[in-house]
Structures are given as structure tokens and as C-alpha cells.
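Engineer: One file is attached below, data14.csv, containing CSV, C-alpha atoms.
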```csv
chain,number,residue,atom,x,y,z
P,1,GLU,CA,68.2,129.9,113.8
P,2,ALA,CA,67.4,130.1,117.5
P,3,GLY,CA,70.3,131.2,119.7
P,4,VAL,CA,71.3,129.8,123.1
P,5,THR,CA,68.3,129.9,125.5
P,6,GLN,CA,68.4,129.7,129.3
P,7,PHE,CA,65.6,129.2,131.8
P,8,PRO,CA,64.7,130.8,134.1
P,9,SER,CA,65.9,134.3,133.5
P,10,HIS,CA,65.7,135.1,137.2
P,11,SER,CA,65.5,132.9,140.3
P,12,VAL,CA,65.3,133.9,143.9
P,13,ILE,CA,65.6,131.2,146.5
P,14,GLU,CA,66.4,130.9,150.2
P,15,LYS,CA,69.6,129.4,151.5
P,16,GLY,CA,69.4,125.7,151.7
P,17,GLN,CA,67.0,125.3,148.8
P,18,THR,CA,67.6,123.6,145.5
P,19,VAL,CA,67.6,125.3,142.1
P,20,THR,CA,68.0,123.9,138.6
P,21,LEU,CA,69.0,126.0,135.7
P,22,ARG,CA,68.5,124.9,132.2
P,23,CYS,CA,70.4,125.7,129.0
P,24,ASP,CA,69.4,124.9,125.4
P,25,PRO,CA,72.3,125.3,123.1
P,26,ILE,CA,72.2,126.1,119.4
P,27,SER,CA,70.9,123.0,117.6
P,28,GLY,CA,73.8,120.8,116.5
P,29,HIS,CA,76.4,122.3,118.8
P,30,ASP,CA,78.4,119.6,120.5
P,31,ASN,CA,80.2,121.9,122.8
P,32,LEU,CA,78.3,123.4,125.8
P,33,TYR,CA,79.9,125.5,128.5
P,34,TRP,CA,78.7,126.9,131.8
P,35,TYR,CA,80.1,130.1,133.2
P,36,ARG,CA,79.3,132.2,136.3
P,37,ARG,CA,79.7,135.8,137.1
P,38,VAL,CA,79.6,136.7,140.8
P,39,MET,CA,78.7,140.4,141.3
P,40,GLY,CA,81.4,142.8,140.0
P,41,LYS,CA,83.9,140.0,139.3
P,42,GLU,CA,85.0,138.3,136.1
P,43,ILE,CA,83.0,135.7,134.3
P,44,LYS,CA,84.5,132.3,135.4
P,45,PHE,CA,84.4,129.0,133.6
P,46,LEU,CA,82.5,126.2,135.4
P,47,LEU,CA,82.5,123.2,133.0
P,48,HIS,CA,82.5,122.0,129.4
P,49,PHE,CA,80.5,119.3,127.8
P,50,VAL,CA,81.3,117.6,124.5
P,51,LYS,CA,78.0,116.0,123.6
P,52,GLU,CA,76.9,114.3,126.8
P,53,SER,CA,80.4,113.9,128.2
P,54,LYS,CA,82.0,116.2,130.7
P,55,GLN,CA,85.2,117.3,129.0
P,56,ASP,CA,86.4,119.6,131.7
P,57,GLU,CA,84.8,120.4,135.1
P,58,SER,CA,87.8,122.0,136.7
P,59,GLY,CA,85.8,125.2,137.4
P,60,MET,CA,83.0,123.7,139.4
P,61,PRO,CA,83.3,125.2,142.9
P,62,ASN,CA,82.2,122.3,145.0
P,63,ASN,CA,80.1,119.2,145.1
P,64,ARG,CA,76.9,121.2,145.7
P,65,PHE,CA,76.9,121.8,141.9
P,66,LEU,CA,75.8,119.1,139.5
P,67,ALA,CA,75.7,119.5,135.8
P,68,GLU,CA,74.1,117.1,133.3
P,69,ARG,CA,73.6,116.9,129.6
P,70,THR,CA,71.5,113.9,128.9
P,71,GLY,CA,71.4,112.9,125.2
P,72,GLY,CA,73.8,115.6,124.3
P,73,THR,CA,71.2,118.3,123.8
P,74,TYR,CA,70.1,120.6,126.7
P,75,SER,CA,71.9,120.8,129.9
P,76,THR,CA,70.9,121.4,133.5
P,77,LEU,CA,72.9,122.8,136.4
P,78,LYS,CA,71.6,122.0,139.8
P,79,VAL,CA,72.7,123.7,143.0
P,80,GLN,CA,71.8,121.8,146.1
P,81,PRO,CA,71.8,123.1,148.8
P,82,ALA,CA,72.2,126.7,147.7
P,83,GLU,CA,74.4,129.0,149.7
P,84,LEU,CA,74.6,132.8,149.7
P,85,GLU,CA,77.9,132.9,147.8
P,86,ASP,CA,76.2,131.1,144.9
P,87,SER,CA,74.4,134.2,143.9
P,88,GLY,CA,75.4,135.6,140.5
P,89,VAL,CA,74.6,135.3,136.8
P,90,TYR,CA,75.0,131.9,135.2
P,91,PHE,CA,75.8,131.9,131.5
P,92,CYS,CA,75.6,129.1,129.1
P,93,ALA,CA,77.5,129.0,125.8
P,94,SER,CA,77.8,126.6,122.9
P,95,SER,CA,80.1,126.1,120.0
P,96,GLN,CA,80.7,123.8,117.1
P,97,GLY,CA,83.2,122.7,114.5
P,98,ARG,CA,86.0,124.9,113.3
P,99,ALA,CA,84.5,128.0,114.9
P,100,GLY,CA,84.6,126.2,118.2
P,101,LEU,CA,88.2,125.4,117.7
P,102,ARG,CA,88.8,129.1,117.2
P,103,GLY,CA,87.1,129.7,120.5
P,104,GLU,CA,84.0,131.3,119.1
P,105,GLN,CA,81.2,130.6,121.6
P,106,PHE,CA,77.6,131.7,121.4
P,107,PHE,CA,76.2,132.9,124.7
P,108,GLY,CA,72.8,132.8,126.2
P,109,PRO,CA,71.3,135.7,128.2
P,110,GLY,CA,72.1,134.2,131.5
P,111,THR,CA,70.1,133.2,134.6
P,112,ARG,CA,70.4,135.6,137.5
P,113,LEU,CA,70.4,133.6,140.7
P,114,THR,CA,69.8,135.3,144.1
P,115,VAL,CA,70.2,133.3,147.2
P,116,LEU,CA,68.7,135.0,150.3
J,117,ALA,CA,97.6,129.7,133.5
J,118,GLN,CA,96.0,132.5,131.5
J,119,SER,CA,94.8,135.8,132.9
J,120,VAL,CA,93.2,138.9,131.5
J,121,THR,CA,93.3,142.4,132.9
J,122,GLN,CA,90.9,145.1,131.8
J,123,LEU,CA,92.0,148.5,133.1
J,124,GLY,CA,89.1,150.6,134.2
J,125,SER,CA,85.9,149.0,135.4
J,126,HIS,CA,84.0,152.1,134.2
J,127,VAL,CA,84.8,154.3,131.3
J,128,SER,CA,82.8,157.4,130.3
J,129,VAL,CA,83.1,159.2,126.9
J,130,SER,CA,81.1,161.9,125.2
J,131,GLU,CA,79.1,161.0,122.1
J,132,GLY,CA,81.4,161.4,119.1
J,133,ALA,CA,84.6,160.9,121.1
J,134,LEU,CA,87.1,158.2,120.8
J,135,VAL,CA,86.5,154.9,122.7
J,136,LEU,CA,89.5,153.1,124.1
J,137,LEU,CA,89.0,150.1,126.3
J,138,ARG,CA,92.2,148.4,127.5
J,139,CYS,CA,93.0,144.7,127.7
J,140,ASN,CA,96.2,143.0,128.6
J,141,TYR,CA,96.7,139.2,128.9
J,142,SER,CA,99.1,136.8,130.4
J,143,SER,CA,99.6,133.5,128.6
J,144,SER,CA,102.4,131.1,128.1
J,145,VAL,CA,101.6,131.0,124.4
J,146,PRO,CA,100.0,133.6,122.2
J,147,PRO,CA,96.3,132.9,122.7
J,148,TYR,CA,93.2,133.6,120.7
J,149,LEU,CA,91.7,137.0,121.7
J,150,PHE,CA,88.2,138.1,121.9
J,151,TRP,CA,86.0,141.1,122.8
J,152,TYR,CA,82.4,140.4,123.8
J,153,VAL,CA,79.7,143.0,124.5
J,154,GLN,CA,76.7,142.7,126.8
J,155,TYR,CA,73.8,145.0,126.3
J,156,PRO,CA,71.3,145.3,129.1
J,157,ASN,CA,69.2,142.1,129.5
J,158,GLN,CA,71.0,140.3,126.7
J,159,GLY,CA,73.6,137.7,126.4
J,160,LEU,CA,77.3,138.2,125.5
J,161,GLN,CA,77.7,139.0,121.8
J,162,LEU,CA,81.0,138.6,120.0
J,163,LEU,CA,82.4,141.9,118.8
J,164,LEU,CA,85.6,140.8,117.2
J,165,LYS,CA,88.3,138.2,117.5
J,166,TYR,CA,92.0,137.6,116.7
J,167,THR,CA,93.2,134.2,115.9
J,168,THR,CA,96.0,134.5,113.3
J,169,GLY,CA,97.0,136.8,110.5
J,170,ALA,CA,96.5,140.5,110.4
J,171,THR,CA,96.9,142.0,113.9
J,172,LEU,CA,94.4,144.8,113.4
J,173,VAL,CA,91.0,143.2,113.4
J,174,LYS,CA,87.7,144.9,112.6
J,175,GLY,CA,84.5,143.9,114.3
J,176,ILE,CA,80.8,144.9,114.3
J,177,ASN,CA,79.5,148.4,114.9
J,178,GLY,CA,82.7,150.1,113.9
J,179,PHE,CA,84.9,148.6,116.6
J,180,GLU,CA,88.4,147.4,116.0
J,181,ALA,CA,91.3,146.0,118.1
J,182,GLU,CA,95.0,145.5,117.6
J,183,PHE,CA,96.9,142.5,118.8
J,184,LYS,CA,100.3,143.7,120.1
J,185,LYS,CA,102.4,140.6,121.1
J,186,SER,CA,105.3,142.7,122.5
J,187,GLU,CA,102.9,144.5,124.8
J,188,THR,CA,100.6,141.5,125.4
J,189,SER,CA,97.7,143.8,124.7
J,190,PHE,CA,94.5,143.7,122.7
J,191,HIS,CA,92.9,147.1,123.2
J,192,LEU,CA,89.5,147.9,121.7
J,193,THR,CA,88.8,151.2,119.9
J,194,LYS,CA,86.1,153.0,118.1
J,195,PRO,CA,86.8,156.4,116.5
J,196,SER,CA,83.4,158.0,117.4
J,197,ALA,CA,81.2,156.8,120.2
J,198,HIS,CA,77.5,156.5,119.7
J,199,MET,CA,74.8,156.4,122.4
J,200,SER,CA,74.0,152.8,121.4
J,201,ASP,CA,77.5,151.7,122.4
J,202,ALA,CA,76.7,152.0,126.1
J,203,ALA,CA,77.2,148.5,127.4
J,204,GLU,CA,79.6,146.3,129.2
J,205,TYR,CA,82.6,145.0,127.3
J,206,PHE,CA,84.6,141.9,128.1
J,207,CYS,CA,88.0,140.9,126.8
J,208,ALA,CA,88.7,137.1,126.7
J,209,VAL,CA,91.3,134.7,125.7
J,210,SER,CA,91.4,131.0,124.8
J,211,ASP,CA,94.1,128.4,124.0
J,212,PRO,CA,94.7,128.3,120.3
J,213,GLY,CA,93.4,125.3,118.4
J,214,SER,CA,91.2,124.0,121.1
J,215,ALA,CA,87.5,124.2,122.0
J,216,ARG,CA,88.4,124.8,125.6
J,217,GLN,CA,87.0,127.5,127.9
J,218,LEU,CA,87.4,131.3,127.6
J,219,THR,CA,89.2,133.2,130.3
J,220,PHE,CA,87.6,136.6,130.8
J,221,GLY,CA,88.6,139.9,132.2
J,222,SER,CA,86.4,141.6,134.8
J,223,GLY,CA,84.6,143.8,132.3
J,224,THR,CA,84.4,147.5,131.5
J,225,GLN,CA,81.1,149.4,131.7
J,226,LEU,CA,81.1,152.0,128.9
J,227,THR,CA,78.9,155.1,129.4
J,228,VAL,CA,78.3,157.4,126.5
J,229,LEU,CA,77.4,161.0,127.5
J,230,PRO,CA,75.3,163.2,125.3
```
I need this file expressed as C-alpha cells, please.
Structural biologist:
Amino acid sequence: EAGVTQFPSHSVIEKGQTVTLRCDPISGHDNLYWYRRVMGKEIKFLLHFVKESKQDESGMPNNRFLAERTGGTYSTLKVQPAELEDSGVYFCASSQGRAGLRGEQFFGPGTRLTVL
Amino acid sequence: AQSVTQLGSHVSVSEGALVLLRCNYSSSVPPYLFWYVQYPNQGLQLLLKYTTGATLVKGINGFEAEFKKSETSFHLTKPSAHMSDAAEYFCAVSDPGSARQLTFGSGTQLTVLP
């Protein structure tokens, strides 16, 4: 069974540009989460999808971030326009069923975003 | 609101020595507790978890952790460190009985010296 995959693994862009990150959760997982780790800090929650619906987006930093999950499968996170403080590692995670209710989430390898 | 504190952003131990990584949490109700590990260029991998029942939980690779409600702690231990244990370790909590987000500590980088 394939794990959570994220694309790209690295992205280097200039301030003001747009970047789109993609996450493919484990097949059949209804819950999909985005997290971000800014250098040296803790991993912080951004938002939570249940299928295609946003369950909780309280962690989204501002309206330059747009997340979608069309059809309840993969998700994209777009940053437009990117700012220097958006640099960090963006993690995606998924969960399902009883394991999900126990908080067990499966994480992808992350996308390292550098904004110059 | 929940919070997690990991004491020591960097911990070094000698191979064969005891590993002790500290985690304290703050929560209005006893949360579910987790330790995740991140090896270089990989995603976070679940090491172990506490939800209910026995407060001493065993995980993969010989790690274990004990939930101490009175101390609001969930410290991670391993009796004998191996070189392959070198990684970054994250303590996390979640609300019990929900599929809501995890709240993480800031991580502890473990170095194992030969």
C-alpha cells in the first residue's frame, strides 16, 4: 500500500511568485491534514479536510493560502503571492476510521519551500 | 488550548547509553499522546501512542514511553541507544475521540555518538 506522497519535494521561488503543493493521501483515507514547520519551530496545523469539505481551517495563516481537495482525493495548497516568511516544510497527513479517531495520522515526506 | 513542551532541542548520547527525551503537555482534558520520529529525508513515522489503558506503552525499535497524568508528562526512553536512532523526535497530543489535528512540540534532535 502506497503511503502519503507529496510533490514537489523541494521548491525554490522568488517573493511574489505562486507555488502549488500537492498531496496524495493513502487511498481511502477521508481525513487529510496540512501542517507547516517553519525553521526551528514546531510543526503547526494548517487545515483539515474530511473528504472534499474543509472541516477546520483555523491554522491557515492568511488569505494568500488556498487549499482544495476536489473529489475528496488529492489536495493542493497554493500560496499566492509567496512571502519570505512562507518558507518552511509543508507536511501532509491522512487518517481514516477508528485509527483516525485515535489521532493516528500517516505523514508524507514533506515539501521544502524556500522563498527568496 | 493544548500545548506541548519538549525540553532540549538537541540531545547527544553515546551508543549503548540510555535515551531519555522529555515531553510535557498542557491540556484541559487528558489528551491522546504520541511520539513521532523523522529520519533524514523521510516523513514523520509514528513511534508509539497512548490513548487509554496501560500507561507504559511500547513502540517500535525498542522505544517506550510512560504517561504520568500527575506530572502531565510523556517522556520517551530507550535503554540502549543505537546509531540508527539518530533522528528528530516529536511529541504530539490530540483531543481524545476526535479526528482533529495534532499539536506538536518543537522537536528534539537526537545524536548518537560512537
Engineer: Compile the residues of chain J that lie within 9 Å of chain P, evaluated using all atoms listed in the file, and express the compilation as number ranges by chain.
Structural biologist: J: 125, 148-150, 154, 157-162, 165, 167, 206, 209-223
Engineer: Quick one: distance from CA of Lys78 in chain P to CA of Gln17 in chain P in Å, one decimal?
Structural biologist: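 Atom-to-atom, CA of Lys78 in chain P and CA of Gln17 in chain P are spaced 10.6 Å apart.
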Engineer: How many Å separate CA of Val89 in chain P from CA of Ser119 in chain J?
Structural biologist: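 These two atoms are separated by 20.6 Å.
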Engineer: Would you mind reading off the distance between CA of Ile176 in chain J and CA of Leu164 in chain J, one decimal, in Å?
Structural biologist: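 Taking CA of Ile176 in chain J and CA of Leu164 in chain J, their separation equals 6.9 Å.
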Engineer: Show me the residues close to (71.9, 132.6, 146.1) - anything with an atom within 7 Å, counting all atoms listed in the file - and format the list as a list in words.
Structural biologist: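 Residues close enough to count: Ile13, Lys15, Ala82, Glu83, Leu84, Glu85, Asp86, Ser87, Leu113, Thr114, Val115 and Leu116 of chain P.
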